[in-house]
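What follows is input.cif (mmCIF, C-alpha atoms).
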```cif
data_start
loop_
_atom_site.label_atom_id
_atom_site.label_comp_id
_atom_site.auth_asym_id
_atom_site.auth_seq_id
_atom_site.Cartn_x
_atom_site.Cartn_y
_atom_site.Cartn_z
CA ASP A 125 95.86 117.93 78.92
CA ILE A 126 92.75 117.58 81.06
CA ASP A 127 93.84 114.17 82.39
CA CYS A 128 97.15 115.57 83.69
CA ILE A 129 95.40 118.56 85.22
CA LEU A 130 92.83 116.42 87.05
CA ARG A 131 95.47 113.95 88.21
CA HIS A 132 97.79 116.69 89.46
CA ARG A 133 95.06 118.52 91.37
CA ILE A 134 93.84 115.37 93.14
CA HIS A 135 97.34 114.12 93.98
CA ALA A 136 98.32 117.57 95.25
CA LYS A 137 95.34 117.43 97.61
CA ASN A 138 96.15 113.92 98.90
CA ILE A 139 99.96 114.09 98.95
CA GLU A 140 101.41 116.72 101.25
CA GLU A 141 104.83 116.82 99.55
CA MET A 142 103.30 117.64 96.17
CA SER A 143 102.84 121.28 95.23
CA SER A 144 99.39 122.34 94.09
CA LEU A 145 98.62 123.91 90.73
CA ASN A 146 97.86 127.59 90.49
CA THR A 147 94.41 127.71 88.91
CA ASN A 148 95.15 131.22 87.59
CA ASP A 149 97.97 129.81 85.44
CA LEU A 150 95.80 127.10 83.88
CA ASN A 151 94.54 127.94 80.41
CA MET A 152 91.15 126.29 80.79
CA GLY A 153 89.32 128.78 78.57
CA ASP A 154 90.09 126.99 75.28
CA PHE A 155 89.25 123.63 76.79
CA LEU A 156 85.89 124.80 78.15
CA LYS A 157 85.05 126.17 74.70
CA PHE A 158 85.38 122.66 73.27
CA VAL A 159 83.25 121.22 76.06
CA ASP A 160 80.48 123.78 75.62
CA HIS A 161 80.59 123.72 71.79
CA PRO A 162 77.76 121.80 70.08
CA PRO A 163 78.64 118.80 67.87
CA LEU A 164 80.22 119.70 64.53
CA GLN A 165 78.84 118.43 61.21
CA PHE A 166 81.47 117.84 58.53
CA CYS A 167 80.94 115.92 55.27
CA GLY A 168 78.15 113.86 56.78
CA LEU A 169 80.18 113.07 59.90
CA THR A 170 79.42 114.26 63.40
CA LEU A 171 82.29 115.31 65.65
CA ASP A 172 81.29 115.73 69.28
CA MET A 173 84.36 116.98 71.14
CA LYS A 174 82.74 116.74 74.56
CA ALA A 175 81.65 113.11 74.06
CA THR A 176 85.11 112.22 72.68
CA ILE A 177 86.86 113.75 75.70
CA GLU A 178 84.46 112.01 78.10
CA LYS A 179 85.03 108.64 76.41
CA LEU A 180 88.83 108.95 76.41
CA LEU A 181 88.93 110.16 80.01
CA SER A 182 86.59 107.38 81.18
CA GLU A 183 88.76 104.76 79.46
CA THR A 184 91.93 106.21 80.98
CA LEU A 185 90.56 106.21 84.53
CA TYR A 186 89.11 102.71 84.14
CA ASN A 187 92.35 101.24 82.80
CA SER A 188 94.36 102.92 85.55
CA SER A 189 91.99 101.58 88.22
CA THR A 190 92.16 98.01 86.96
CA VAL A 191 95.96 98.12 87.04
CA GLY A 192 96.11 99.47 90.58
CA LEU A 193 92.93 99.21 92.69
CA ARG A 194 94.70 101.14 95.43
CA ASP A 195 94.22 104.28 93.29
CA THR A 196 90.49 103.80 92.75
CA ASN A 197 89.61 106.47 95.31
CA SER A 198 91.82 109.03 93.57
CA HIS A 199 90.27 108.17 90.21
CA ASN A 200 86.77 108.59 91.65
CA GLU A 201 87.80 112.01 92.95
CA MET A 202 89.15 112.88 89.49
CA ALA A 203 85.82 111.88 87.93
CA ALA A 204 83.96 114.08 90.42
CA LEU A 205 86.32 116.98 89.66
CA ALA A 206 85.75 116.47 85.92
CA GLU A 207 82.04 117.04 86.47
CA SER A 208 82.86 120.54 87.68
CA TYR A 209 84.21 121.20 84.17
CA GLY A 210 80.95 120.04 82.60
CA LEU A 211 82.08 116.48 81.81
CA SER A 212 79.93 113.47 82.62
CA LEU A 213 82.06 110.32 82.90
CA ILE A 214 80.82 106.75 82.79
CA ASP A 215 80.70 104.94 86.13
CA ASN A 216 83.40 102.25 85.91
CA LEU A 217 81.52 100.12 88.49
CA LEU A 218 84.79 99.13 90.12
CA PRO A 219 84.73 98.56 93.90
CA ALA A 220 85.59 101.62 95.94
CA GLY A 221 88.33 99.66 97.65
CA THR A 222 92.04 99.23 97.73
CA GLY A 223 94.18 96.23 97.05
CA ASP A 224 95.60 96.26 100.58
CA GLN A 225 92.52 97.26 102.56
CA GLY A 226 92.60 94.21 104.83
CA LEU A 227 89.52 92.51 106.23
CA ASP A 228 86.04 93.73 105.45
CA LEU A 229 83.52 94.52 108.20
CA VAL A 230 81.03 92.07 106.71
CA TYR A 231 83.66 89.32 106.85
CA ILE A 232 84.44 90.26 110.46
CA ALA A 233 80.75 90.07 111.39
CA ASP A 234 80.40 86.66 109.69
CA HIS A 235 83.55 85.24 111.35
CA PHE A 236 83.51 87.24 114.58
CA THR A 237 84.69 84.51 116.96
CA ASP A 238 87.57 83.56 114.67
CA PHE A 239 88.52 87.24 114.28
CA MET A 240 88.59 87.78 118.05
CA SER A 241 90.86 84.76 118.53
CA ARG A 242 93.30 85.69 115.74
CA TYR A 243 93.54 89.48 116.09
CA LYS A 244 94.55 91.68 119.01
CA TYR A 245 93.72 95.37 119.42
CA ASN A 246 96.42 98.03 119.80
CA LEU A 247 94.85 100.80 121.87
CA ASN A 248 97.47 103.46 121.09
CA HIS A 249 97.41 103.09 117.30
CA GLN A 250 93.77 101.92 117.01
CA ILE A 251 94.59 98.95 114.80
CA PHE A 252 94.02 95.21 114.96
CA VAL A 253 97.12 93.08 114.37
CA GLU A 254 97.03 89.41 113.48
CA CYS A 255 98.68 87.27 116.16
CA THR A 256 100.00 84.58 113.82
CA SER A 257 99.96 84.52 110.06
CA SER A 258 97.29 82.27 108.58
CA GLU A 259 99.11 81.79 105.27
CA SER A 260 102.80 81.73 104.49
CA GLY A 261 103.94 83.05 107.84
CA ARG A 262 105.83 85.92 106.23
CA TYR A 263 103.20 88.62 106.72
CA LEU A 264 100.75 89.70 109.40
CA SER A 265 97.44 91.28 108.44
CA ILE A 266 96.14 94.45 110.10
CA VAL A 267 92.78 96.21 110.28
CA ASP A 268 93.09 99.98 110.65
CA ILE A 269 90.95 103.11 110.34
CA ASP A 270 91.41 103.34 106.56
CA ALA A 271 90.28 99.73 106.05
CA VAL A 272 87.15 100.15 108.20
CA ALA A 273 86.33 103.53 106.63
CA MET A 274 86.63 101.95 103.18
CA SER A 275 84.32 99.14 104.26
CA LEU A 276 81.75 101.64 105.55
CA SER A 277 81.89 103.53 102.25
CA ARG A 278 81.31 100.31 100.35
CA HIS A 279 78.50 98.79 102.45
CA GLY A 280 76.95 101.84 104.10
CA LEU A 281 76.13 102.46 107.75
CA GLY A 282 73.88 99.39 107.88
CA VAL A 283 76.95 97.26 108.53
CA MET A 284 77.54 99.29 111.72
CA HIS A 285 74.26 98.03 113.19
CA ARG A 286 75.24 94.48 112.29
CA ILE A 287 78.59 94.89 114.03
CA GLU A 288 76.89 96.34 117.12
CA ASP A 289 74.42 93.44 117.31
CA THR A 290 77.23 90.91 116.87
CA THR A 291 79.42 92.54 119.53
CA ASN A 292 76.53 92.81 122.00
CA HIS A 293 75.79 89.10 121.60
CA PHE A 294 79.48 88.22 121.92
CA LEU A 295 79.93 90.41 125.01
CA SER A 296 76.92 88.79 126.67
CA GLN A 297 78.36 85.32 126.08
CA SER A 298 81.81 86.42 127.26
CA MET A 299 80.50 87.92 130.48
CA ASP A 300 78.52 84.76 131.25
CA ALA A 301 81.63 82.63 130.67
CA LEU A 302 83.72 84.97 132.86
CA PHE A 303 81.24 84.87 135.75
CA CYS A 304 81.04 81.10 135.43
CA GLY A 305 84.82 80.83 135.68
CA LEU A 306 85.08 83.19 138.63
CA SER A 307 82.42 81.26 140.52
CA ASN A 308 84.59 78.12 140.62
CA GLU A 309 84.55 76.81 144.22
CA ILE A 310 88.31 76.26 144.47
CA PHE A 311 88.99 79.66 142.94
CA VAL A 312 86.58 81.43 145.30
CA SER A 313 87.91 79.64 148.39
CA SER A 314 91.49 80.61 147.45
CA ILE A 315 90.48 84.25 147.06
CA LEU A 316 88.66 84.24 150.42
CA LYS A 317 91.69 82.67 152.11
CA GLU A 318 93.94 85.45 150.81
CA GLU A 319 91.38 88.05 151.82
CA ARG A 320 91.32 86.77 155.41
CA TRP A 321 95.13 86.79 155.52
CA PHE A 322 95.34 90.34 154.14
CA ASN A 323 92.68 91.65 156.56
CA GLY A 324 94.67 90.12 159.42
CA GLN A 325 97.82 91.86 158.21
CA GLN A 326 96.05 95.22 158.11
CA LYS A 327 95.52 95.08 161.87
CA GLY A 328 99.27 95.46 162.27
CA SER A 329 101.66 97.97 160.76
CA ASN A 330 102.02 96.15 157.42
CA THR A 331 99.26 97.19 154.97
CA SER A 332 100.84 96.03 151.69
CA TYR A 333 100.41 92.74 149.89
CA PRO A 334 103.85 91.08 149.50
CA TYR A 335 105.04 90.46 145.96
CA GLU A 336 106.43 87.04 146.88
CA ARG A 337 103.04 85.96 148.27
CA ALA A 338 101.35 87.19 145.10
CA LEU A 339 103.67 84.99 143.01
CA ALA A 340 102.95 82.00 145.24
CA PHE A 341 99.21 82.69 145.01
CA ARG A 342 99.45 82.87 141.23
CA ARG A 343 101.23 79.50 141.11
CA GLU A 344 98.49 78.06 143.28
CA LEU A 345 95.74 79.38 141.00
CA SER A 346 97.62 78.11 137.94
CA GLU A 347 96.80 74.60 139.08
CA VAL A 348 93.04 75.26 139.21
CA LEU A 349 91.40 74.02 136.00
CA ASN A 350 88.13 75.25 134.58
CA SER A 351 84.98 73.15 134.41
CA ASP A 352 85.93 71.21 131.25
CA GLY A 353 89.61 70.87 132.24
CA SER A 354 90.87 72.39 128.98
CA SER A 355 92.78 75.27 130.63
CA THR A 356 93.39 76.93 133.98
CA ILE A 357 90.99 79.46 135.47
CA LEU A 358 93.57 82.24 135.16
CA GLU A 359 94.27 81.50 131.50
CA MET A 360 90.58 81.33 130.70
CA CYS A 361 89.85 84.64 132.46
CA ARG A 362 92.82 86.29 130.74
CA THR A 363 91.57 85.14 127.34
CA ILE A 364 88.01 86.29 127.99
CA VAL A 365 89.05 89.70 129.32
CA THR A 366 91.33 90.18 126.30
CA GLU A 367 88.50 89.31 123.90
CA ILE A 368 86.16 91.71 125.72
CA GLY A 369 88.76 94.46 125.31
CA ASN A 370 89.17 93.58 121.62
CA THR A 371 85.39 93.73 121.14
CA LEU A 372 85.16 97.18 122.72
CA GLY A 373 88.17 98.20 120.59
CA LEU A 374 86.34 97.16 117.43
CA LEU A 375 83.37 99.33 118.37
CA ARG A 376 85.68 102.25 119.05
CA LEU A 377 87.53 101.68 115.76
CA SER A 378 84.26 101.52 113.82
CA ARG A 379 82.97 104.80 115.23
CA THR A 380 86.33 106.54 114.74
CA SER A 381 86.44 105.28 111.14
CA ASP A 382 82.93 106.62 110.52
CA ILE A 383 84.00 110.07 111.75
CA TYR A 384 87.13 109.86 109.58
CA ARG A 385 85.05 108.83 106.55
CA ARG A 386 82.63 111.73 107.00
CA HIS A 387 85.55 114.16 107.32
CA GLN A 388 87.22 112.82 104.15
CA SER A 389 84.01 113.12 102.13
CA ARG A 390 83.64 116.83 102.80
#
```

Please, can you express the file's structure as structure tokens?
Amino acid sequence: DIDCILRHRIHAKNIEEMSSLNTNDLNMGDFLKFVDHPPLQFCGLTLDMKATIEKLLSETLYNSSTVGLRDTNSHNEMAALAESYGLSLIDNLLPAGTGDQGLDLVYIADHFTDFMSRYKYNLNHQIFVECTSSESGRYLSIVDIDAVAMSLSRHGLGVMHRIEDTTNHFLSQSMDALFCGLSNEIFVSSILKEERWFNGQQKGSNTSYPYERALAFRRELSEVLNSDGSSTILEMCRTIVTEIGNTLGLLRLSRTSDIYRRHQSR
């Protein structure tokens, strides 16, 4: 059964625990004879074995993909493998995506500010994790290498340039807001006061900055509000620095996903 053979070979390649078929044990000679045989004429009827096999195999892969979109990639690989046997399958025109692929890069570019406020980057695992669920509260969405690689395969590398332009614009705005916050007169005067105290301490034997004084200094800065009075200077700077890190993380994730996608397509 050609469908079972194609399915087994692709799954054996993608699933490590699955043993691969020995191509020497496959009796493909009889099958290839049907594929290469010209259409048969019998009692005024035409029987084209190759076209019949192609039609049945195309229907099988299409129906399987519509039931579980997560397997669309495997079915596309099966169709490509079938071409090596001389079969030409119909393009099912289904999206090369998965049912659980997470956010799309185009959506992220269109809602970049909202994405930066709702998702945080995990440097070790190279994934974005939603801070709070936007729906039922039972699940948190993630954006990982597979999701971004799938998005690049769907939209092409042009979306990378859009992400880069969006991140550059966002970083420019974030840096301006950070410099504006750090230039607050009360904030600057507090920093200069601590600098003068620390320089005076260095003249003696004590060259370390006491932990207790750092806590007191933090409490003092926690009372300094930003220009619009919506939050403290420290909280605003923490938020901006986090968003800058998330933005750089998205660029890193995009480039890593592109490398991963190129490797998978070999």

Produce the centre coordinates and the three edge lengths, each in Å to one decimal, of the box along x, y and z that contains all listed atoms of range 362-367 of chain A with 3 Å added on each side, as lines of an AutoDock Vina configuration file.
```
center_x = 90.4
center_y = 87.7
center_z = 127.3
size_x = 10.8
size_y = 11.0
size_z = 12.8
```

**Message:** Could you tell me, as JSON, numbers by chain, exactly which residues end up selected when the PyMOL selection byres ((chain A and resi 228) around 12) is applied to this structure?
**Reply:** {"A": [221, 222, 223, 224, 225, 226, 227, 229, 230, 231, 232, 233, 234, 235, 236, 239, 266, 267, 268, 269, 270, 271, 272, 273, 274, 275, 276, 277, 278, 279, 283, 284, 287, 378]}

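Here, the PyMOL selection byres ((chain A and resi 373) around 9) matches Tyr245, Asn246, Leu247, Gln250, Ile251, Phe252, Ile368, Gly369, Asn370, Thr371, Leu372, Leu374, Leu375, Arg376, Leu377 and Ser378 of chain A.
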
**Prompt:** What is the distance between CA of Asn292 in chain A and CA of Asn248 in chain A, in Å to one decimal?
**Reply:** 23.5 Å

**Request:** Measure the distance from CA of Ser208 in chain A to CA of Asp172 in chain A in Å and round it to one decimal.
**Result:**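 Pair CA of Ser208 in chain A / CA of Asp172 in chain A returns 19.1 Å.
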
**Request:** Could you please determine the separation between CA of Phe166 in chain A and CA of Leu211 in chain A in Å, to one decimal place?
**Result:** 23.3 Å

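Every protein, DNA or RNA residue with an atom at most 10 Å from Val365 in chain A, where only C-alpha atoms count and chain neighbours fewer than 5 positions away do not, is listed here: Ser298, Met299, Leu302, Glu359, Met360, Asn370 and Thr371 of chain A.
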
**Message:** List as number ranges by chain the protein and nucleic acid residues near Tyr243 in chain A, meaning an atom at most 7 Å away when all atoms listed in the file are counted, but skip any in the same chain fewer than 6 places from it.
**Reply:** A: 252-255

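Among A:Glu201, A:Lys244, A:Gly305, A:Pro162, the residue with the shortest atom-to-atom distance to Ser355 in chain A, counting all atoms listed in the file, is A:Gly305.
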
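The neighbours of Leu180 in chain A here are the residues that come within 12 Å of it, using all atoms listed in the file and leaving out any residue fewer than 6 positions away in the same chain; they are Asp125, Ile126, Asp127, Met173, Lys174, Tyr186, Asn187, Leu211, Ser212, Leu213 and Ile214 of chain A.
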